[in-house]
>>> print(open('coords.txt').read())   # compact mmCIF, C-alpha atoms and all ligand atoms
# COMPACT_ATOMS: atom_id res chain seq x y z
CA MET A 688 5.34 -19.44 0.33
CA ARG A 689 6.44 -23.00 1.02
CA PRO A 690 9.93 -23.28 2.50
CA ASN A 691 10.95 -25.75 -0.24
CA GLY A 692 9.65 -23.46 -3.01
CA GLN A 693 7.22 -26.11 -4.28
CA PRO A 694 3.89 -25.14 -5.88
CA ALA A 695 0.73 -25.01 -3.76
CA ALA A 696 -1.11 -28.16 -2.82
CA LYS A 697 -4.77 -28.00 -3.92
CA HIS A 698 -6.03 -26.95 -0.48
CA GLU A 699 -3.58 -24.05 -0.03
CA THR A 700 -5.04 -20.56 0.03
CA TYR A 701 -4.60 -17.24 1.93
CA SER A 702 -5.87 -17.33 5.53
CA THR A 703 -8.85 -15.23 6.61
CA GLY A 704 -6.43 -12.98 8.55
CA ALA A 705 -4.21 -12.42 5.47
CA ARG A 706 -7.31 -11.59 3.36
CA HIS A 707 -8.50 -9.09 5.99
CA PHE A 708 -5.08 -7.42 6.01
CA HIS A 709 -5.05 -7.28 2.19
CA TRP A 710 -8.50 -5.77 1.67
CA TRP A 711 -8.32 -3.29 4.58
CA THR A 712 -5.04 -2.04 3.08
CA VAL A 713 -6.75 -1.68 -0.32
CA LEU A 714 -9.55 0.36 1.27
CA LEU A 715 -7.16 2.66 3.18
CA ILE A 716 -4.99 3.25 0.09
CA ALA A 717 -8.11 3.87 -2.01
CA ILE A 718 -8.99 6.72 0.38
CA GLN A 719 -5.46 8.00 1.00
CA LEU A 720 -4.21 8.41 -2.59
CA PRO A 721 -7.09 10.51 -3.99
CA LEU A 722 -7.21 12.50 -0.73
CA GLY A 723 -3.48 13.33 -1.14
CA ILE A 724 -3.92 14.47 -4.75
CA PHE A 725 -7.17 16.35 -4.06
CA MET A 726 -5.94 18.22 -0.97
CA VAL A 727 -2.78 19.46 -2.75
CA ASN A 728 -4.79 20.69 -5.77
CA TYR A 729 -7.54 22.22 -3.61
CA GLY A 730 -4.96 23.99 -1.43
CA GLU A 731 -3.22 25.43 -4.50
CA ARG A 732 -6.50 26.58 -6.11
CA THR A 733 -7.98 28.19 -2.97
CA ASN A 734 -4.82 29.45 -1.27
CA PHE A 735 -5.29 26.85 1.46
CA ALA A 736 -8.86 27.88 2.35
CA ALA A 737 -10.83 25.67 4.77
CA PRO A 738 -11.12 22.70 4.83
CA THR A 739 -7.60 22.21 3.33
CA GLY A 740 -5.96 22.00 6.77
CA LYS A 741 -8.42 19.31 7.90
CA MET A 742 -7.77 17.32 4.72
CA TYR A 743 -3.99 17.55 5.32
CA ASP A 744 -4.43 16.46 8.95
CA SER A 745 -6.68 13.53 7.93
CA HIS A 746 -4.12 12.49 5.28
CA LYS A 747 -1.34 12.50 7.88
CA MET A 748 -3.38 10.47 10.40
CA ILE A 749 -4.59 7.91 7.83
CA GLY A 750 -0.99 7.67 6.55
CA LEU A 751 0.34 6.85 10.01
CA LEU A 752 -2.47 4.33 10.46
CA ILE A 753 -1.44 2.66 7.17
CA LEU A 754 2.16 2.51 8.36
CA LEU A 755 1.17 0.78 11.65
CA PHE A 756 -1.23 -1.51 9.83
CA VAL A 757 1.41 -2.59 7.29
CA LEU A 758 3.90 -3.27 10.10
CA ALA A 759 1.29 -5.55 11.76
CA ARG A 760 0.58 -7.17 8.38
CA LEU A 761 4.26 -7.87 7.77
CA ALA A 762 4.66 -9.33 11.27
CA ASN A 763 1.73 -11.66 10.52
CA ARG A 764 3.27 -12.52 7.12
CA PHE A 765 6.67 -13.38 8.61
CA LEU A 766 5.14 -15.40 11.46
CA ASN A 767 2.53 -17.32 9.45
CA GLY A 768 3.93 -17.28 5.88
CA ALA A 769 1.78 -17.45 2.75
CA PRO A 770 0.43 -20.29 0.64
CA GLY A 771 2.73 -21.88 -1.95
CA ASP A 772 2.57 -20.53 -5.52
CA GLU A 773 -0.52 -21.30 -7.54
CA PRO A 774 0.30 -24.42 -9.61
CA THR A 775 -0.79 -22.76 -12.91
CA LEU A 776 1.95 -20.10 -12.71
CA GLU A 777 4.88 -20.26 -15.16
CA PRO A 778 8.32 -20.04 -13.47
CA TRP A 779 8.79 -16.44 -14.70
CA GLN A 780 5.37 -15.47 -13.34
CA ARG A 781 6.31 -16.82 -9.91
CA ILE A 782 9.48 -14.70 -9.91
CA VAL A 783 7.72 -11.53 -11.16
CA SER A 784 4.82 -11.94 -8.69
CA HIS A 785 7.20 -12.35 -5.73
CA ILE A 786 9.26 -9.32 -6.78
CA THR A 787 6.08 -7.25 -7.25
CA HIS A 788 4.59 -8.28 -3.89
CA TRP A 789 7.78 -7.46 -1.96
CA ALA A 790 8.25 -4.18 -3.85
CA ILE A 791 4.66 -3.24 -2.93
CA TYR A 792 5.32 -4.10 0.73
CA ALA A 793 8.50 -1.97 0.62
CA LEU A 794 6.59 0.98 -0.87
CA LEU A 795 3.78 0.59 1.66
CA LEU A 796 6.47 1.40 4.25
CA ILE A 797 8.55 3.89 2.24
CA VAL A 798 5.65 6.15 1.10
CA PRO A 799 4.25 6.91 4.60
CA LEU A 800 7.75 7.08 6.12
CA LEU A 801 8.76 9.72 3.56
CA GLY A 802 5.51 11.59 4.31
CA TRP A 803 6.32 11.49 8.03
CA LEU A 804 9.96 12.55 7.47
CA ALA A 805 8.90 15.41 5.14
CA THR A 806 6.22 16.62 7.55
CA SER A 807 8.70 16.46 10.45
CA ALA A 808 11.18 18.60 8.48
CA TYR A 809 8.38 21.04 7.56
CA GLY A 810 7.32 21.17 11.23
CA PRO A 811 5.63 21.28 13.64
CA PHE A 812 3.98 17.84 13.34
CA LYS A 813 0.61 18.44 15.04
CA PRO A 814 -2.30 16.97 13.04
CA PHE A 815 -5.62 18.12 14.60
CA GLY A 816 -3.52 19.83 17.31
CA ILE A 817 -2.16 16.49 18.59
CA PRO A 818 1.64 16.71 19.00
CA LEU A 819 3.16 13.60 17.37
CA PRO A 820 6.83 12.58 17.27
CA SER A 821 8.98 14.47 14.75
CA LEU A 822 11.66 12.41 13.04
CA LEU A 823 13.78 15.40 11.89
CA ALA A 824 14.66 18.94 12.91
CA GLU A 825 12.90 21.73 10.95
CA ASN A 826 14.49 22.34 7.55
CA GLN A 827 12.32 23.79 4.76
CA TYR A 828 14.72 22.86 1.95
CA LEU A 829 14.89 19.23 3.11
CA ALA A 830 11.09 19.15 3.57
CA LYS A 831 10.61 20.18 -0.09
CA GLN A 832 12.98 17.45 -1.32
CA LEU A 833 11.32 14.83 0.89
CA TYR A 834 7.81 15.81 -0.28
CA GLY A 835 9.09 15.36 -3.85
CA LEU A 836 10.29 11.84 -2.96
CA HIS A 837 6.98 11.17 -1.16
CA LYS A 838 5.10 12.02 -4.36
CA LEU A 839 7.49 10.00 -6.56
CA SER A 840 7.25 6.90 -4.35
CA ALA A 841 3.43 7.21 -4.31
CA ILE A 842 3.45 7.26 -8.14
CA LEU A 843 5.63 4.14 -8.14
CA LEU A 844 3.21 2.44 -5.75
CA VAL A 845 0.30 3.26 -8.08
CA ALA A 846 2.21 1.85 -11.07
CA LEU A 847 3.00 -1.43 -9.28
CA VAL A 848 -0.54 -1.79 -7.92
CA ALA A 849 -1.91 -1.23 -11.46
CA MET A 850 0.34 -4.05 -12.71
CA HIS A 851 -0.70 -6.23 -9.78
CA VAL A 852 -4.44 -5.69 -10.34
CA GLY A 853 -3.97 -6.27 -14.10
CA ALA A 854 -2.28 -9.60 -13.32
CA ALA A 855 -5.04 -10.64 -10.87
CA LEU A 856 -7.73 -9.88 -13.48
CA PHE A 857 -5.74 -11.62 -16.24
CA HIS A 858 -5.66 -14.78 -14.12
CA TYR A 859 -9.35 -14.57 -13.30
CA ILE A 860 -10.77 -13.65 -16.71
CA ILE A 861 -8.29 -15.12 -19.21
CA ARG A 862 -6.43 -17.96 -17.46
CA LYS A 863 -9.49 -18.83 -15.34
CA ASP A 864 -7.22 -20.23 -12.61
CA GLY A 865 -7.41 -19.95 -8.81
CA VAL A 866 -5.19 -16.87 -8.22
CA LEU A 867 -7.93 -14.30 -7.44
CA ASN A 868 -9.96 -16.76 -5.34
CA ARG A 869 -6.95 -17.25 -3.04
CA MET A 870 -7.28 -13.63 -1.90
CA TRP A 871 -10.94 -12.72 -2.53
CA PRO A 872 -12.85 -12.52 0.80
CA GLY A 873 -14.78 -15.67 1.64
CA LEU A 874 -14.12 -17.61 -1.58
CA PRO A 875 -12.81 -21.18 -1.50
CA ARG A 876 -10.06 -22.41 -3.84
CA ARG A 877 -10.88 -22.56 -7.56
CA ASP A 878 -9.32 -25.83 -8.71
CA GLY A 879 -9.50 -27.69 -11.97
C1 LIG A 901 0.58 5.03 2.26
C2 LIG A 901 0.43 6.24 2.74
C3 LIG A 901 0.45 7.50 1.93
C4 LIG A 901 0.13 7.70 0.59
C5 LIG A 901 -0.29 6.65 -0.43
C6 LIG A 901 0.30 9.11 0.33
C7 LIG A 901 0.09 9.71 -0.89
C8 LIG A 901 0.21 11.06 -1.15
C9 LIG A 901 -0.05 11.69 -2.42
C10 LIG A 901 -0.47 10.98 -3.70
C11 LIG A 901 0.16 13.02 -2.27
C12 LIG A 901 0.00 14.12 -3.35
C13 LIG A 901 1.34 14.49 -3.88
C14 LIG A 901 1.28 15.74 -4.73
O1 LIG A 901 0.39 15.82 -5.59
O2 LIG A 901 2.14 16.61 -4.53
C15 LIG A 901 0.57 13.25 -0.90
C16 LIG A 901 0.88 14.48 -0.36
C17 LIG A 901 1.18 14.69 0.96
N1 LIG A 901 1.35 13.73 1.94
FE1 LIG A 901 1.05 11.75 1.72
N2 LIG A 901 0.71 9.74 1.50
C18 LIG A 901 0.82 8.79 2.49
C19 LIG A 901 1.21 9.00 3.80
C20 LIG A 901 1.52 10.24 4.34
C21 LIG A 901 1.95 10.47 5.72
C22 LIG A 901 2.16 9.37 6.79
C23 LIG A 901 2.15 11.80 5.87
C24 LIG A 901 2.58 12.58 7.06
C25 LIG A 901 2.64 12.15 8.30
C26 LIG A 901 1.84 12.42 4.58
C27 LIG A 901 1.89 13.77 4.35
C28 LIG A 901 1.63 14.37 3.13
C29 LIG A 901 1.63 15.81 2.92
C30 LIG A 901 1.85 16.89 3.99
C31 LIG A 901 1.38 16.00 1.56
C32 LIG A 901 1.28 17.35 0.81
C33 LIG A 901 2.63 17.65 0.21
C34 LIG A 901 2.59 18.98 -0.51
O3 LIG A 901 1.84 19.86 -0.08
O4 LIG A 901 3.33 19.09 -1.48
N3 LIG A 901 1.48 11.43 3.68
N4 LIG A 901 0.59 12.03 -0.26
C1 LIG A 902 -3.87 -0.80 -2.97
C2 LIG A 902 -4.09 -1.90 -3.63
C3 LIG A 902 -3.37 -3.23 -3.38
C4 LIG A 902 -2.23 -3.52 -2.69
C5 LIG A 902 -1.33 -2.55 -1.93
C6 LIG A 902 -2.03 -4.97 -2.78
C7 LIG A 902 -0.97 -5.66 -2.21
C8 LIG A 902 -0.79 -7.04 -2.25
C9 LIG A 902 0.31 -7.75 -1.66
C10 LIG A 902 1.47 -7.09 -0.90
C11 LIG A 902 0.12 -9.07 -1.90
C12 LIG A 902 1.05 -10.22 -1.47
C13 LIG A 902 0.44 -10.97 -0.31
C14 LIG A 902 1.44 -11.89 0.33
O1 LIG A 902 1.78 -12.93 -0.25
O2 LIG A 902 1.88 -11.57 1.45
C15 LIG A 902 -1.11 -9.21 -2.65
C16 LIG A 902 -1.65 -10.39 -3.09
C17 LIG A 902 -2.75 -10.47 -3.91
N1 LIG A 902 -3.54 -9.43 -4.35
FE1 LIG A 902 -3.29 -7.49 -3.95
N2 LIG A 902 -3.04 -5.50 -3.55
C18 LIG A 902 -3.88 -4.48 -3.93
C19 LIG A 902 -5.03 -4.58 -4.69
C20 LIG A 902 -5.51 -5.75 -5.21
C21 LIG A 902 -6.71 -5.87 -6.02
C22 LIG A 902 -7.63 -4.68 -6.39
C23 LIG A 902 -6.82 -7.18 -6.37
C24 LIG A 902 -7.88 -7.86 -7.21
C25 LIG A 902 -8.43 -7.33 -8.27
C26 LIG A 902 -5.72 -7.89 -5.74
C27 LIG A 902 -5.51 -9.24 -5.83
C28 LIG A 902 -4.52 -9.95 -5.17
C29 LIG A 902 -4.38 -11.39 -5.25
C30 LIG A 902 -5.24 -12.34 -6.04
C31 LIG A 902 -3.27 -11.73 -4.46
C32 LIG A 902 -2.67 -13.13 -4.24
C33 LIG A 902 -1.66 -13.39 -5.31
C34 LIG A 902 -1.08 -14.78 -5.21
O3 LIG A 902 -1.82 -15.70 -4.96
O4 LIG A 902 0.13 -14.95 -5.37
N3 LIG A 902 -4.93 -6.99 -5.06
N4 LIG A 902 -1.64 -7.94 -2.86
>>> encode(input="coords.txt", output="structure tokens")
Amino acid sequence: MRPNGQPAAKHETYSTGARHFHWWTVLLIAIQLPLGIFMVNYGERTNFAAPTGKMYDSHKMIGLLILLFVLARLANRFLNGAPGDEPTLEPWQRIVSHITHWAIYALLLIVPLLGWLATSAYGPFKPFGIPLPSLLAENQYLAKQLYGLHKLSAILLVALVAMHVGAALFHYIIRKDGVLNRMWPGLPRRDG
């Protein structure tokens, strides 16, 4: 975003680094969400038969990776900023898109942190036998509450991402402006 809040100049677009961060996050979330839902259902149906434990351990590891990755992405975002708003956006669309982007960033931190907190409270936190730092002392009641919040925040993330993808496609297909090109890997700006 430009410091003076002005719309983007014609050449402004997301950097290659920002696009890499965006699409690697999309890939990791596209694996992590269905894995989370599938492992819980599979565990319930089979009384936690193999390979449920491996799926849980993979989910925990990928979740921690997402957390580290998002921290690196945010550091890059704060250091290098983002392009100014696309000139075709109405004032209300600028406000809604900024709120949505920052809410998604917040949830990309909150969802894995709640997973880590819940798993710490459930204890011991040893995915694939590797002892990792626990954030809380063992407490089964608290673990249950935190897993509930983990699920709720993941649902919220899905809802916001659905809105976000809907908006990106609306701009590309209906408004035919440059919003999607700013983030799509390798594409130049779509002006005019
Ligand atoms: C962005 C990262 C993450 C996403 C999107 C995510 C998403 C989900 C989803 C959708 C579920 C299924 C909820 C249900 O149906 O009950 C789930 C369950 C679970 N998640 Fe995550 N998760 C993430 C990170 C983590 C992390 C970092 C940990 C632990 C270190 C973790 C541990 C768990 C566990 C243990 C469950 C099973 C809970 C149960 O058995 O009720 N998750 N997650
Ligand atoms: C898990 C899925 C996704 C997440 C978590 C996500 C997250 C984000 C975030 C946080 C931003 C703000 C970037 C910044 O300014 O720092 C962003 C921008 C953007 N995303 Fe996504 N996104 C996802 C999926 C998608 C998909 C599937 C599309 C395309 C169909 C898409 C298209 C865009 C576009 C075009 C922008 C730039 C918007 C602008 O120019 O203001 N995103 N995304």
>>> atom_distance(input="coords.txt", atom1="atom CA of Gln827 of chain A", atom2="atom CA of Tyr809 of chain A")
5.6 Å
>>> residues_near_ligand(input="coords.txt", ligand="ligand LIG 901 (chain A)", cutoff="6 Å", atoms="only C-alpha atoms and all ligand atoms", output="list in words")
Ile716, Gln719, Leu720, Gly723, Ile724, Val727, His746, Lys747, Gly750, Leu751, Ile753, Leu795, Val798, Pro799, Gly802, Trp803, Thr806, Tyr834, Lys838 and Ala841 of chain A
>>> residues_around(input="coords.txt", residues="Glu699 of chain A", least_positions_apart="5", cutoff="9 Å", atoms="all atoms listed in the file", output="PyMOL selection string")
chain A and resi 769-773+869+876
>>> atom_distance(input="coords.txt", atom1="atom C26 of ligand LIG 902 (chain A)", atom2="atom CA of Pro872 of chain A")
10.7 Å
>>> closest_atom_pairs(input="coords.txt", of="chain A", to="ligand LIG 902 (chain A)", cutoff="6 Å", atoms="all atoms listed in the file", output="tab-separated table")
residue	atom	partner	partner_atom	distance
A:Val713	CA	A:LIG902	C1	4.0
A:Ile716	CA	A:LIG902	C1	5.2
A:Arg764	CA	A:LIG902	O2	5.9
A:Ala769	CA	A:LIG902	O1	5.4
A:His788	CA	A:LIG902	C10	4.5
A:Ile791	CA	A:LIG902	C10	5.4
A:Tyr792	CA	A:LIG902	C10	5.1
A:Val848	CA	A:LIG902	C3	5.5
A:Val852	CA	A:LIG902	C25	4.8
A:Ala855	CA	A:LIG902	C30	5.1
A:Leu856	CA	A:LIG902	C25	5.8
A:Val866	CA	A:LIG902	O3	4.8
A:Leu867	CA	A:LIG902	C30	3.6
A:Arg869	CA	A:LIG902	O3	5.7
A:Met870	CA	A:LIG902	C30	4.8
>>> write_last_selection(input="coords.txt", atoms="C-alpha atoms", output="compact mmCIF listing (two decimals), in the frame of the given file")
# COMPACT_ATOMS: atom_id res chain seq x y z
CA VAL A 713 -6.75 -1.68 -0.32
CA ILE A 716 -4.99 3.25 0.09
CA ARG A 764 3.27 -12.52 7.12
CA ALA A 769 1.78 -17.45 2.75
CA HIS A 788 4.59 -8.28 -3.89
CA ILE A 791 4.66 -3.24 -2.93
CA TYR A 792 5.32 -4.10 0.73
CA VAL A 848 -0.54 -1.79 -7.92
CA VAL A 852 -4.44 -5.69 -10.34
CA ALA A 855 -5.04 -10.64 -10.87
CA LEU A 856 -7.73 -9.88 -13.48
CA VAL A 866 -5.19 -16.87 -8.22
CA LEU A 867 -7.93 -14.30 -7.44
CA ARG A 869 -6.95 -17.25 -3.04
CA MET A 870 -7.28 -13.63 -1.90
>>> residues_around(input="coords.txt", residues="Leu823 of chain A", least_positions_apart="2", cutoff="9 Å", atoms="all atoms listed in the file", output="ChimeraX atom specification")
/A:804-810,821,825-826
>>> residues_around(input="coords.txt", residues="Phe708 of chain A", least_positions_apart="5", cutoff="9 Å", atoms="only C-alpha atoms", output="PyMOL selection string")
chain A and resi 703+713+756-757+759-760
>>> residues_around(input="coords.txt", residues="Leu847 of chain A", least_positions_apart="3", cutoff="9 Å", atoms="all atoms listed in the file", output="ChimeraX atom specification")
/A:787-788,790-791,842-844,850-852
>>> atom_distance(input="coords.txt", atom1="atom CA of Ala736 of chain A", atom2="atom CA of Leu800 of chain A")
26.9 Å
